[in-house]
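The next block is final_36.txt, given as compact mmCIF, C-alpha atoms.
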```txt
# COMPACT_ATOMS: atom_id res chain seq x y z
CA MET A 1 14.54 -2.31 -18.07
CA SER A 2 11.86 -1.35 -20.54
CA ASP A 3 12.47 1.77 -22.62
CA ASN A 4 9.19 3.12 -21.22
CA THR A 5 9.94 6.41 -19.48
CA ILE A 6 6.88 6.40 -17.22
CA VAL A 7 7.92 6.13 -13.57
CA ASN A 8 5.54 3.88 -11.64
CA GLY A 9 4.70 4.13 -7.95
CA LEU A 10 6.41 1.54 -5.73
CA SER A 11 5.01 1.02 -2.24
CA VAL A 12 5.32 -1.27 0.77
CA ASP A 13 2.48 -1.64 3.28
CA VAL A 14 4.45 -2.11 6.48
CA GLU A 15 2.65 -4.47 8.84
CA ASP A 16 3.74 -7.69 10.51
CA TRP A 17 2.64 -11.23 9.66
CA PHE A 18 -0.12 -11.28 12.29
CA GLN A 19 -1.67 -7.88 11.44
CA VAL A 20 -3.11 -8.70 8.03
CA GLY A 21 -6.78 -8.53 7.13
CA ALA A 22 -6.83 -12.27 6.46
CA PHE A 23 -6.27 -12.99 10.16
CA GLU A 24 -8.19 -10.12 11.76
CA ASN A 25 -10.88 -12.50 13.05
CA THR A 26 -8.35 -15.13 14.11
CA ILE A 27 -5.66 -13.17 15.99
CA SER A 28 -6.81 -10.62 18.54
CA ARG A 29 -5.11 -7.22 18.74
CA GLU A 30 -4.78 -7.84 22.48
CA ASP A 31 -2.40 -10.71 21.65
CA TRP A 32 -0.13 -8.81 19.24
CA ASP A 33 2.54 -7.88 21.78
CA GLY A 34 3.00 -11.53 22.68
CA LEU A 35 3.82 -12.57 19.11
CA GLU A 36 7.16 -12.70 17.33
CA LEU A 37 8.01 -9.41 15.62
CA ARG A 38 9.56 -10.07 12.20
CA VAL A 39 8.80 -6.87 10.32
CA GLY A 40 12.08 -5.11 11.17
CA ASP A 41 14.25 -7.84 9.61
CA ASN A 42 11.94 -8.06 6.60
CA VAL A 43 12.10 -4.29 6.01
CA ALA A 44 15.90 -4.57 6.09
CA ARG A 45 15.75 -7.27 3.37
CA ILE A 46 13.51 -5.07 1.25
CA LEU A 47 15.77 -2.04 1.65
CA ASP A 48 18.71 -4.12 0.42
CA LEU A 49 16.62 -5.36 -2.51
CA PHE A 50 15.71 -1.79 -3.45
CA ASP A 51 19.35 -0.69 -3.18
CA GLU A 52 20.40 -3.48 -5.52
CA ALA A 53 17.79 -2.37 -8.06
CA GLY A 54 18.55 1.32 -7.59
CA VAL A 55 14.93 2.28 -6.83
CA LYS A 56 13.17 4.39 -4.21
CA ALA A 57 9.76 3.63 -2.73
CA THR A 58 7.14 4.67 -0.21
CA PHE A 59 6.66 2.69 2.99
CA PHE A 60 3.06 3.05 4.22
CA THR A 61 3.62 2.10 7.86
CA LEU A 62 1.37 1.29 10.80
CA GLY A 63 1.91 3.52 13.82
CA TRP A 64 1.88 0.37 15.96
CA VAL A 65 4.86 -0.95 14.00
CA ALA A 66 6.74 2.35 14.09
CA GLU A 67 6.44 2.50 17.89
CA ARG A 68 8.29 -0.81 18.17
CA ASN A 69 10.72 -0.50 15.23
CA LYS A 70 12.23 2.98 15.32
CA ALA A 71 15.51 1.73 13.87
CA ALA A 72 13.66 0.45 10.80
CA MET A 73 11.92 3.81 10.38
CA HIS A 74 15.27 5.62 10.50
CA ALA A 75 16.68 3.19 7.94
CA ILE A 76 13.78 3.84 5.55
CA VAL A 77 14.31 7.58 5.69
CA ASP A 78 18.11 7.50 5.73
CA ARG A 79 18.17 5.40 2.56
CA GLY A 80 16.08 7.90 0.62
CA HIS A 81 12.59 6.43 0.80
CA GLU A 82 9.33 8.06 1.81
CA LEU A 83 7.72 7.21 5.14
CA ALA A 84 3.92 7.51 4.98
CA SER A 85 0.91 6.50 7.10
CA HIS A 86 -1.04 3.25 7.07
CA GLY A 87 -3.06 4.22 10.13
CA TYR A 88 -2.31 3.06 13.66
CA ASP A 89 -3.32 -0.61 13.95
CA HIS A 90 -4.81 -1.72 10.62
CA THR A 91 -8.42 -1.00 11.53
CA ARG A 92 -10.47 -0.67 8.35
CA VAL A 93 -11.60 2.89 7.79
CA PHE A 94 -15.24 2.04 7.09
CA THR A 95 -15.53 0.71 10.66
CA PHE A 96 -14.65 4.15 12.08
CA SER A 97 -16.85 7.13 12.73
CA PRO A 98 -15.44 10.35 11.23
CA ALA A 99 -14.18 11.40 14.67
CA GLU A 100 -12.51 8.02 15.25
CA PHE A 101 -10.82 8.18 11.86
CA ALA A 102 -9.50 11.67 12.59
CA GLU A 103 -8.11 10.42 15.90
CA ASP A 104 -6.47 7.39 14.25
CA LEU A 105 -4.85 9.59 11.60
CA ALA A 106 -3.47 12.04 14.15
CA LYS A 107 -2.16 9.29 16.44
CA ALA A 108 -0.36 7.42 13.66
CA ARG A 109 1.09 10.60 12.17
CA ALA A 110 2.56 11.76 15.49
CA ILE A 111 4.25 8.39 16.02
CA LEU A 112 5.60 8.19 12.47
CA GLU A 113 6.95 11.74 12.46
CA ASP A 114 8.67 11.12 15.78
CA ALA A 115 10.15 7.83 14.58
CA GLY A 116 11.21 8.98 11.11
CA GLY A 117 11.97 12.64 11.68
CA GLN A 118 10.20 13.81 8.52
CA PRO A 119 6.71 15.18 7.73
CA ILE A 120 4.06 12.59 6.87
CA THR A 121 2.05 13.72 3.84
CA GLY A 122 0.80 10.45 2.33
CA TYR A 123 -1.76 7.91 3.53
CA ARG A 124 -3.01 4.47 2.55
CA ALA A 125 -6.07 3.00 4.24
CA PRO A 126 -5.70 -0.52 5.62
CA SER A 127 -7.12 -2.99 3.09
CA PHE A 128 -7.97 -0.10 0.72
CA SER A 129 -10.94 0.64 2.98
CA ILE A 130 -12.04 4.00 1.60
CA ASP A 131 -15.00 3.42 -0.68
CA ALA A 132 -18.57 4.52 -1.38
CA ARG A 133 -19.54 3.91 2.26
CA ASN A 134 -17.12 6.44 3.74
CA ARG A 135 -16.33 9.11 1.18
CA TRP A 136 -16.09 11.51 4.11
CA ALA A 137 -12.64 10.01 4.82
CA HIS A 138 -11.14 12.12 2.05
CA ASP A 139 -12.56 15.26 3.67
CA ILE A 140 -10.79 14.40 6.91
CA LEU A 141 -7.53 13.71 5.11
CA THR A 142 -7.86 17.16 3.54
CA GLU A 143 -8.57 18.78 6.92
CA GLN A 144 -5.43 17.20 8.35
CA GLY A 145 -3.27 18.47 5.52
CA TYR A 146 -2.43 15.27 3.69
CA VAL A 147 -1.15 15.81 0.15
CA TYR A 148 -2.21 12.48 -1.28
CA SER A 149 -3.95 9.20 -0.52
CA SER A 150 -3.60 5.80 -2.17
CA SER A 151 -6.57 4.15 -0.50
CA VAL A 152 -9.00 3.18 -3.24
CA ALA A 153 -9.19 -0.12 -5.12
CA PRO A 154 -11.49 0.52 -8.12
CA VAL A 155 -12.55 -3.12 -8.42
CA VAL A 156 -15.00 -5.66 -7.01
CA HIS A 157 -13.36 -7.78 -4.29
CA ASP A 158 -14.62 -9.80 -1.34
CA HIS A 159 -12.60 -7.70 1.14
CA TYR A 160 -12.69 -4.25 -0.45
CA GLY A 161 -13.42 -2.29 -3.60
CA TRP A 162 -15.04 0.82 -5.06
CA ARG A 163 -15.82 -0.27 -8.59
CA GLU A 164 -17.29 3.08 -9.71
CA ALA A 165 -14.14 5.02 -8.77
CA PRO A 166 -11.75 6.22 -11.50
CA ARG A 167 -8.87 3.92 -12.36
CA PHE A 168 -6.33 6.72 -12.26
CA ALA A 169 -5.49 9.72 -10.07
CA PHE A 170 -8.37 12.02 -9.17
CA ARG A 171 -9.22 14.77 -6.68
CA PRO A 172 -11.99 13.48 -4.40
CA VAL A 173 -12.74 16.71 -2.49
CA VAL A 174 -14.19 19.72 -4.29
CA GLY A 175 -11.88 22.71 -3.99
CA SER A 176 -9.02 20.66 -2.53
CA GLU A 177 -5.72 19.63 -4.11
CA LEU A 178 -5.70 16.29 -2.27
CA VAL A 179 -4.93 13.60 -4.86
CA GLU A 180 -6.26 10.06 -4.60
CA ILE A 181 -4.08 7.56 -6.47
CA PRO A 182 -5.93 4.23 -6.81
CA VAL A 183 -4.08 0.94 -6.84
CA THR A 184 -3.58 -0.38 -10.36
CA THR A 185 -6.19 -2.23 -12.37
CA ALA A 186 -5.92 -3.59 -15.90
CA LEU A 187 -8.67 -4.07 -18.45
CA LEU A 188 -9.54 -7.37 -20.09
CA LYS A 189 -12.57 -7.40 -22.40
CA GLY A 190 -13.88 -4.33 -20.61
CA LYS A 191 -13.58 -5.84 -17.13
CA ARG A 192 -11.32 -4.36 -14.48
CA LEU A 193 -8.79 -6.75 -13.00
CA ALA A 194 -6.85 -6.12 -9.80
CA ALA A 195 -3.23 -5.88 -10.89
CA GLY A 196 -1.44 -3.75 -8.31
CA GLY A 197 0.52 -6.37 -6.41
CA GLY A 198 0.03 -8.13 -3.09
CA GLY A 199 -1.46 -11.61 -3.27
CA PHE A 200 -2.31 -11.24 -6.95
CA PHE A 201 1.39 -10.77 -7.74
CA ARG A 202 2.48 -13.75 -5.65
CA VAL A 203 -0.19 -16.19 -6.80
CA LEU A 204 -0.47 -15.42 -10.50
CA PRO A 205 2.29 -15.96 -13.08
CA TYR A 206 4.75 -13.08 -13.41
CA GLY A 207 3.64 -12.54 -17.01
CA PHE A 208 0.25 -11.28 -15.82
CA SER A 209 1.77 -8.41 -13.83
CA ARG A 210 4.18 -7.55 -16.62
CA TRP A 211 1.28 -7.42 -19.09
CA ALA A 212 -0.94 -5.37 -16.76
CA ILE A 213 1.67 -2.76 -15.88
CA GLY A 214 2.70 -2.54 -19.51
CA GLN A 215 -0.93 -1.95 -20.50
CA VAL A 216 -1.30 0.89 -18.00
CA ASN A 217 1.95 2.49 -19.13
CA ARG A 218 0.91 2.26 -22.78
CA GLU A 219 -2.26 4.14 -21.80
CA GLY A 220 0.04 6.91 -20.60
CA HIS A 221 -0.39 6.34 -16.88
CA PRO A 222 1.88 5.20 -14.06
CA ALA A 223 1.03 1.96 -12.31
CA VAL A 224 0.80 1.71 -8.52
CA PHE A 225 2.29 -1.45 -7.06
CA TYR A 226 2.30 -2.62 -3.43
CA PHE A 227 3.41 -5.55 -1.33
CA HIS A 228 4.06 -6.33 2.36
CA PRO A 229 7.25 -7.19 4.28
CA TRP A 230 5.81 -10.56 5.37
CA GLU A 231 5.54 -11.55 1.70
CA VAL A 232 9.33 -11.96 1.47
CA ASP A 233 9.39 -14.11 4.62
CA PRO A 234 8.69 -17.80 3.88
CA ASP A 235 9.79 -18.80 7.41
CA GLN A 236 7.09 -16.81 9.23
CA PRO A 237 4.86 -18.66 11.74
CA ARG A 238 1.82 -20.45 10.35
CA VAL A 239 -1.59 -19.45 11.68
CA GLY A 240 -4.09 -22.19 12.35
CA GLY A 241 -7.81 -21.63 12.59
CA ALA A 242 -8.08 -19.01 9.84
CA PRO A 243 -10.37 -19.77 6.87
CA LEU A 244 -8.75 -21.95 4.21
CA ARG A 245 -9.16 -19.25 1.57
CA SER A 246 -7.30 -16.75 3.76
CA ARG A 247 -4.47 -19.18 4.47
CA VAL A 248 -4.06 -20.03 0.79
CA ARG A 249 -3.89 -16.34 -0.13
CA HIS A 250 -1.41 -15.57 2.62
CA TYR A 251 1.10 -18.40 2.22
CA THR A 252 1.16 -19.20 -1.51
CA ASN A 253 4.53 -18.59 -3.23
CA LEU A 254 6.21 -16.76 -0.33
CA SER A 255 9.51 -18.40 -1.29
CA LYS A 256 9.21 -17.06 -4.84
CA MET A 257 8.30 -13.48 -3.96
CA GLU A 258 11.76 -11.97 -3.66
CA GLY A 259 12.85 -13.29 -7.04
CA LYS A 260 9.68 -12.05 -8.73
CA LEU A 261 10.15 -8.64 -7.15
CA SER A 262 13.72 -8.40 -8.42
CA ARG A 263 12.48 -9.14 -11.92
CA LEU A 264 9.72 -6.55 -11.69
CA LEU A 265 12.07 -3.86 -10.40
CA GLY A 266 14.29 -4.43 -13.41
CA ASP A 267 11.55 -4.52 -16.03
CA PHE A 268 9.97 -1.12 -15.23
CA ALA A 269 10.89 2.28 -13.81
CA TRP A 270 9.89 2.90 -10.18
CA GLY A 271 9.77 5.76 -7.70
CA ARG A 272 8.22 7.18 -4.53
CA MET A 273 4.51 7.82 -4.22
CA ASP A 274 4.89 11.43 -3.07
CA GLU A 275 6.81 12.22 -6.25
CA LEU A 276 4.19 10.44 -8.35
CA ALA A 277 1.46 12.43 -6.60
CA GLN A 278 3.12 15.70 -7.51
CA ARG A 279 3.34 14.68 -11.15
CA GLU A 280 -0.26 13.45 -11.26
CA LYS A 281 -1.77 16.45 -9.46
CA ALA A 282 -1.52 18.65 -12.54
CA ARG A 283 -3.63 16.35 -14.70
CA SER A 284 -6.01 14.90 -12.14
CA ARG A 285 -9.63 16.01 -12.17
CA GLU A 286 -12.27 16.37 -9.47
CA TRP A 287 -14.54 13.35 -9.20
CA SER A 288 -17.52 12.72 -6.96
CA ALA A 289 -19.87 9.78 -7.28
```
Kindly present the structure from the file in structure tokens form.
Amino acid sequence: MSDNTIVNGLSVDVEDWFQVGAFENTISREDWDGLELRVGDNVARILDLFDEAGVKATFFTLGWVAERNKAAMHAIVDRGHELASHGYDHTRVFTFSPAEFAEDLAKARAILEDAGGQPITGYRAPSFSIDARNRWAHDILTEQGYVYSSSVAPVVHDHYGWREAPRFAFRPVVGSELVEIPVTTALLKGKRLAAGGGGFFRVLPYGFSRWAIGQVNREGHPAVFYFHPWEVDPDQPRVGGAPLRSRVRHYTNLSKMEGKLSRLLGDFAWGRMDELAQREKARSREWSA
């Protein structure tokens, strides 16, 4: 491990192989219950990986998944990790009205708290879908008593992005202590690069992620890294009919992911997002676009 003492935020977005944004126009939600559920076994593999590395993490989990995998939720909590919300069924927040978002939050939280037996204080929007279009989402998170969110990607991307947002933790609601912790970006010649995990971590050489996280830590900030249980599952079913670009993103280097993760866990210090939020709250500043 690096001698860097900054503890970075480690997170898992818990959704199954058919619930990803890449396939949202290919696989109907009405068909989900007829598909093979693999997320429970994949979460178990990840928990073992984290135990081997001696790290704790946050599992941002869909309420839909928690309803059908209570044993996995218990295992997450019993092994010292944080259970947090990823919404109910991976609907992007900017497609909701404020009332619909509030309902989705409340529904997912009730399911997760029942399944895990602990308060849910953290939230991550599906596909980082809080941006300039729906800044009201942070107000609703505040109203519902969430302590932190990690729902903003301060980059330009074809699926998401809020490029004007701060790169590091900020308080998005005036007068509130709610902390927004954006997913990590690195700087190259003044341009922000997505560097917080997911497909970027799988597809690009490991050296890129090591450089990016090292850069953020040298700036004095923790990085925020995420991945999904299906990314450690090279034997998952293949989806036909999705756009080629989506299929390439989804399936590239699945067989290499676990080894790359093990290397990353050993090269840097990692911890839960709720603990990171508490540390960052003291130095975060209010920001409104």
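Relative to atom CA of Leu37 of chain A, atom CA of Gly271 of chain A is found at 27.9 Å.
Excluding segment 249-251 of chain A itself and same-chain residues fewer than 6 positions from it, the residues having an atom within 10 Å of it are Trp17, Val20, Gly21, Ala22, Phe23, Gly198, Gly199, Phe200, Arg202, Val203, Trp230, Glu231, Asp233, Pro234, Gln236, Arg238 and Val239 of chain A, counting all atoms listed in the file.
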Legend entry - Test item: residues at most 12 Å from segment 47-49 of chain A, all atoms listed in the file, excluding those fewer than 4 positions along its chain, as a ChimeraX atom specification: /A:11-12,40-43,53-59,72-82,229,232,257-266
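One distance worth recording is that between atom CA of Phe201 of chain A and atom CA of Tyr148 of chain A, which is 24.4 Å.
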With all atoms of segment 63-74 of chain A from the file as input, state the centre and edge lengths in Å to one decimal of the axis-aligned box that has 6 Å extra on each side, as JSON.
```
{"center_x": 8.7, "center_y": 2.3, "center_z": 14.3, "size_x": 25.6, "size_y": 18.6, "size_z": 19.8}
```
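When only C-alpha atoms are used to compute distances to Leu62 of chain A, the closest of the residues A:Arg163, A:Arg45, A:Arg38, A:Arg124 turns out to be A:Arg124.
Remark: for Glu100 of chain A, the closest of the candidate residues A:Tyr146, A:Tyr206, A:Tyr88, A:Trp32 is A:Tyr88 (distances computed over all atoms listed in the file).
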Inset, instruction - Point out the residue among A:His228, A:Arg171, A:Ile181, A:Asp104 with the least atom-to-atom distance to Glu15 of chain A, counting only C-alpha atoms. - result: A:His228
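Taking atom CA of Val14 of chain A and atom CA of Ile140 of chain A as the two end points, the separation is 22.5 Å.
Minimum atom-to-atom distance to Lys281 of chain A, evaluated using all atoms listed in the file, belongs to A:Pro172 out of A:Gly197, A:Pro172, A:Pro98, A:Gly190.
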Could you name the residues that touch segment 212-216 of chain A at 10 Å or less, counting all atoms listed in the file, but leaving out those on the same chain fewer than 3 positions away, as a PDB file with C-alpha atoms, keeping the file's coordinate frame?
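The new file selection_22.pdb reads:
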```
ATOM      1  CA  SER A   2      11.860  -1.350 -20.540  1.00  0.00           C
ATOM      2  CA  ASN A   4       9.190   3.120 -21.220  1.00  0.00           C
ATOM      3  CA  ILE A   6       6.880   6.400 -17.220  1.00  0.00           C
ATOM      4  CA  ASN A   8       5.540   3.880 -11.640  1.00  0.00           C
ATOM      5  CA  ARG A 167      -8.870   3.920 -12.360  1.00  0.00           C
ATOM      6  CA  PHE A 168      -6.330   6.720 -12.260  1.00  0.00           C
ATOM      7  CA  THR A 184      -3.580  -0.380 -10.360  1.00  0.00           C
ATOM      8  CA  THR A 185      -6.190  -2.230 -12.370  1.00  0.00           C
ATOM      9  CA  ALA A 186      -5.920  -3.590 -15.900  1.00  0.00           C
ATOM     10  CA  LEU A 187      -8.670  -4.070 -18.450  1.00  0.00           C
ATOM     11  CA  LEU A 188      -9.540  -7.370 -20.090  1.00  0.00           C
ATOM     12  CA  LEU A 193      -8.790  -6.750 -13.000  1.00  0.00           C
ATOM     13  CA  ALA A 194      -6.850  -6.120  -9.800  1.00  0.00           C
ATOM     14  CA  ALA A 195      -3.230  -5.880 -10.890  1.00  0.00           C
ATOM     15  CA  GLY A 196      -1.440  -3.750  -8.310  1.00  0.00           C
ATOM     16  CA  GLY A 207       3.640 -12.540 -17.010  1.00  0.00           C
ATOM     17  CA  PHE A 208       0.250 -11.280 -15.820  1.00  0.00           C
ATOM     18  CA  SER A 209       1.770  -8.410 -13.830  1.00  0.00           C
ATOM     19  CA  GLU A 219      -2.260   4.140 -21.800  1.00  0.00           C
ATOM     20  CA  GLY A 220       0.040   6.910 -20.600  1.00  0.00           C
ATOM     21  CA  HIS A 221      -0.390   6.340 -16.880  1.00  0.00           C
ATOM     22  CA  PRO A 222       1.880   5.200 -14.060  1.00  0.00           C
ATOM     23  CA  ALA A 223       1.030   1.960 -12.310  1.00  0.00           C
ATOM     24  CA  VAL A 224       0.800   1.710  -8.520  1.00  0.00           C
ATOM     25  CA  PHE A 225       2.290  -1.450  -7.060  1.00  0.00           C
ATOM     26  CA  LEU A 264       9.720  -6.550 -11.690  1.00  0.00           C
ATOM     27  CA  ASP A 267      11.550  -4.520 -16.030  1.00  0.00           C
ATOM     28  CA  PHE A 268       9.970  -1.120 -15.230  1.00  0.00           C
TER      29      PHE A 268
END
```
Legend entry - Which of A:Phe128, A:Tyr160, A:Phe50, A:Tyr123 sits closest to Met273 of chain A [using all atoms listed in the file]: A:Tyr123
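Remark: for Gly9 of chain A, the closest of the candidate residues A:Lys70, A:Arg135, A:His86, A:Arg272 is A:Arg272 (distances computed over only C-alpha atoms).
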Inset, instruction - Do a neighbour search on Asp89 of chain A at 9 Å with all atoms listed in the file, toss out local chain neighbours closer than 4 positions, and write the hits as a ChimeraX atom specification. - result: /A:15,19,29,62-65,104,108,126
Can I get segment 74-106 of chain A with N, CA and C atoms filled in, as a PDB file, in the coordinates of the input?
```pdb
ATOM      1  N   HIS A  74      14.094   4.811  10.835  1.00  0.00           N
ATOM      2  CA  HIS A  74      15.270   5.620  10.500  1.00  0.00           C
ATOM      3  C   HIS A  74      15.940   5.099   9.239  1.00  0.00           C
ATOM      4  N   ALA A  75      16.030   3.775   9.118  1.00  0.00           N
ATOM      5  CA  ALA A  75      16.680   3.190   7.940  1.00  0.00           C
ATOM      6  C   ALA A  75      15.921   3.531   6.672  1.00  0.00           C
ATOM      7  N   ILE A  76      14.596   3.482   6.716  1.00  0.00           N
ATOM      8  CA  ILE A  76      13.780   3.840   5.550  1.00  0.00           C
ATOM      9  C   ILE A  76      14.090   5.243   5.088  1.00  0.00           C
ATOM     10  N   VAL A  77      14.086   6.177   6.027  1.00  0.00           N
ATOM     11  CA  VAL A  77      14.310   7.580   5.690  1.00  0.00           C
ATOM     12  C   VAL A  77      15.758   7.825   5.268  1.00  0.00           C
ATOM     13  N   ASP A  78      16.695   7.257   6.016  1.00  0.00           N
ATOM     14  CA  ASP A  78      18.110   7.500   5.730  1.00  0.00           C
ATOM     15  C   ASP A  78      18.531   6.972   4.369  1.00  0.00           C
ATOM     16  N   ARG A  79      17.805   5.974   3.855  1.00  0.00           N
ATOM     17  CA  ARG A  79      18.170   5.400   2.560  1.00  0.00           C
ATOM     18  C   ARG A  79      17.344   5.985   1.420  1.00  0.00           C
ATOM     19  N   GLY A  80      16.679   7.105   1.688  1.00  0.00           N
ATOM     20  CA  GLY A  80      16.080   7.900   0.620  1.00  0.00           C
ATOM     21  C   GLY A  80      14.650   7.571   0.249  1.00  0.00           C
ATOM     22  N   HIS A  81      13.973   6.808   1.083  1.00  0.00           N
ATOM     23  CA  HIS A  81      12.590   6.430   0.800  1.00  0.00           C
ATOM     24  C   HIS A  81      11.615   7.321   1.559  1.00  0.00           C
ATOM     25  N   GLU A  82      10.361   7.301   1.130  1.00  0.00           N
ATOM     26  CA  GLU A  82       9.330   8.060   1.810  1.00  0.00           C
ATOM     27  C   GLU A  82       8.677   7.210   2.899  1.00  0.00           C
ATOM     28  N   LEU A  83       8.495   7.816   4.078  1.00  0.00           N
ATOM     29  CA  LEU A  83       7.720   7.210   5.140  1.00  0.00           C
ATOM     30  C   LEU A  83       6.333   7.840   5.120  1.00  0.00           C
ATOM     31  N   ALA A  84       5.291   7.020   5.056  1.00  0.00           N
ATOM     32  CA  ALA A  84       3.920   7.510   4.980  1.00  0.00           C
ATOM     33  C   ALA A  84       3.051   6.686   5.936  1.00  0.00           C
ATOM     34  N   SER A  85       1.789   7.094   6.093  1.00  0.00           N
ATOM     35  CA  SER A  85       0.910   6.500   7.100  1.00  0.00           C
ATOM     36  C   SER A  85       0.037   5.386   6.535  1.00  0.00           C
ATOM     37  N   HIS A  86      -0.109   4.345   7.347  1.00  0.00           N
ATOM     38  CA  HIS A  86      -1.040   3.250   7.070  1.00  0.00           C
ATOM     39  C   HIS A  86      -2.059   3.136   8.211  1.00  0.00           C
ATOM     40  N   GLY A  87      -2.219   4.260   8.951  1.00  0.00           N
ATOM     41  CA  GLY A  87      -3.060   4.220  10.130  1.00  0.00           C
ATOM     42  C   GLY A  87      -2.321   3.641  11.314  1.00  0.00           C
ATOM     43  N   TYR A  88      -3.005   3.522  12.454  1.00  0.00           N
ATOM     44  CA  TYR A  88      -2.310   3.060  13.660  1.00  0.00           C
ATOM     45  C   TYR A  88      -2.229   1.541  13.748  1.00  0.00           C
ATOM     46  N   ASP A  89      -3.370   0.835  13.673  1.00  0.00           N
ATOM     47  CA  ASP A  89      -3.320  -0.610  13.950  1.00  0.00           C
ATOM     48  C   ASP A  89      -4.121  -1.442  12.954  1.00  0.00           C
ATOM     49  N   HIS A  90      -4.194  -0.967  11.721  1.00  0.00           N
ATOM     50  CA  HIS A  90      -4.810  -1.720  10.620  1.00  0.00           C
ATOM     51  C   HIS A  90      -6.311  -1.908  10.782  1.00  0.00           C
ATOM     52  N   THR A  91      -6.960  -0.981  11.474  1.00  0.00           N
ATOM     53  CA  THR A  91      -8.420  -1.000  11.530  1.00  0.00           C
ATOM     54  C   THR A  91      -8.971  -0.432  10.232  1.00  0.00           C
ATOM     55  N   ARG A  92      -9.917  -1.133   9.622  1.00  0.00           N
ATOM     56  CA  ARG A  92     -10.470  -0.670   8.350  1.00  0.00           C
ATOM     57  C   ARG A  92     -11.246   0.629   8.547  1.00  0.00           C
ATOM     58  N   VAL A  93     -11.067   1.548   7.621  1.00  0.00           N
ATOM     59  CA  VAL A  93     -11.600   2.890   7.790  1.00  0.00           C
ATOM     60  C   VAL A  93     -13.128   2.887   7.843  1.00  0.00           C
ATOM     61  N   PHE A  94     -13.775   2.005   7.095  1.00  0.00           N
ATOM     62  CA  PHE A  94     -15.240   2.040   7.090  1.00  0.00           C
ATOM     63  C   PHE A  94     -15.845   1.532   8.394  1.00  0.00           C
ATOM     64  N   THR A  95     -15.019   1.059   9.335  1.00  0.00           N
ATOM     65  CA  THR A  95     -15.530   0.710  10.660  1.00  0.00           C
ATOM     66  C   THR A  95     -15.461   1.880  11.632  1.00  0.00           C
ATOM     67  N   PHE A  96     -14.782   2.966  11.242  1.00  0.00           N
ATOM     68  CA  PHE A  96     -14.650   4.150  12.080  1.00  0.00           C
ATOM     69  C   PHE A  96     -15.823   5.106  11.890  1.00  0.00           C
ATOM     70  N   SER A  97     -16.089   5.899  12.913  1.00  0.00           N
ATOM     71  CA  SER A  97     -16.850   7.130  12.730  1.00  0.00           C
ATOM     72  C   SER A  97     -15.878   8.183  12.214  1.00  0.00           C
ATOM     73  N   PRO A  98     -16.365   9.295  11.655  1.00  0.00           N
ATOM     74  CA  PRO A  98     -15.440  10.350  11.230  1.00  0.00           C
ATOM     75  C   PRO A  98     -14.514  10.806  12.347  1.00  0.00           C
ATOM     76  N   ALA A  99     -15.023  10.954  13.553  1.00  0.00           N
ATOM     77  CA  ALA A  99     -14.180  11.400  14.670  1.00  0.00           C
ATOM     78  C   ALA A  99     -13.120  10.354  15.006  1.00  0.00           C
ATOM     79  N   GLU A 100     -13.480   9.084  14.965  1.00  0.00           N
ATOM     80  CA  GLU A 100     -12.510   8.020  15.250  1.00  0.00           C
ATOM     81  C   GLU A 100     -11.426   7.971  14.181  1.00  0.00           C
ATOM     82  N   PHE A 101     -11.819   8.178  12.932  1.00  0.00           N
ATOM     83  CA  PHE A 101     -10.820   8.180  11.860  1.00  0.00           C
ATOM     84  C   PHE A 101      -9.853   9.341  12.044  1.00  0.00           C
ATOM     85  N   ALA A 102     -10.364  10.513  12.365  1.00  0.00           N
ATOM     86  CA  ALA A 102      -9.500  11.670  12.590  1.00  0.00           C
ATOM     87  C   ALA A 102      -8.510  11.393  13.718  1.00  0.00           C
ATOM     88  N   GLU A 103      -8.975  10.752  14.765  1.00  0.00           N
ATOM     89  CA  GLU A 103      -8.110  10.420  15.900  1.00  0.00           C
ATOM     90  C   GLU A 103      -7.033   9.416  15.499  1.00  0.00           C
ATOM     91  N   ASP A 104      -7.432   8.399  14.725  1.00  0.00           N
ATOM     92  CA  ASP A 104      -6.470   7.390  14.250  1.00  0.00           C
ATOM     93  C   ASP A 104      -5.400   8.025  13.379  1.00  0.00           C
ATOM     94  N   LEU A 105      -5.805   8.893  12.466  1.00  0.00           N
ATOM     95  CA  LEU A 105      -4.850   9.590  11.600  1.00  0.00           C
ATOM     96  C   LEU A 105      -3.842  10.385  12.414  1.00  0.00           C
ATOM     97  N   ALA A 106      -4.348  11.171  13.363  1.00  0.00           N
ATOM     98  CA  ALA A 106      -3.470  12.040  14.150  1.00  0.00           C
ATOM     99  C   ALA A 106      -2.510  11.224  15.012  1.00  0.00           C
TER     100      ALA A 106
END
```
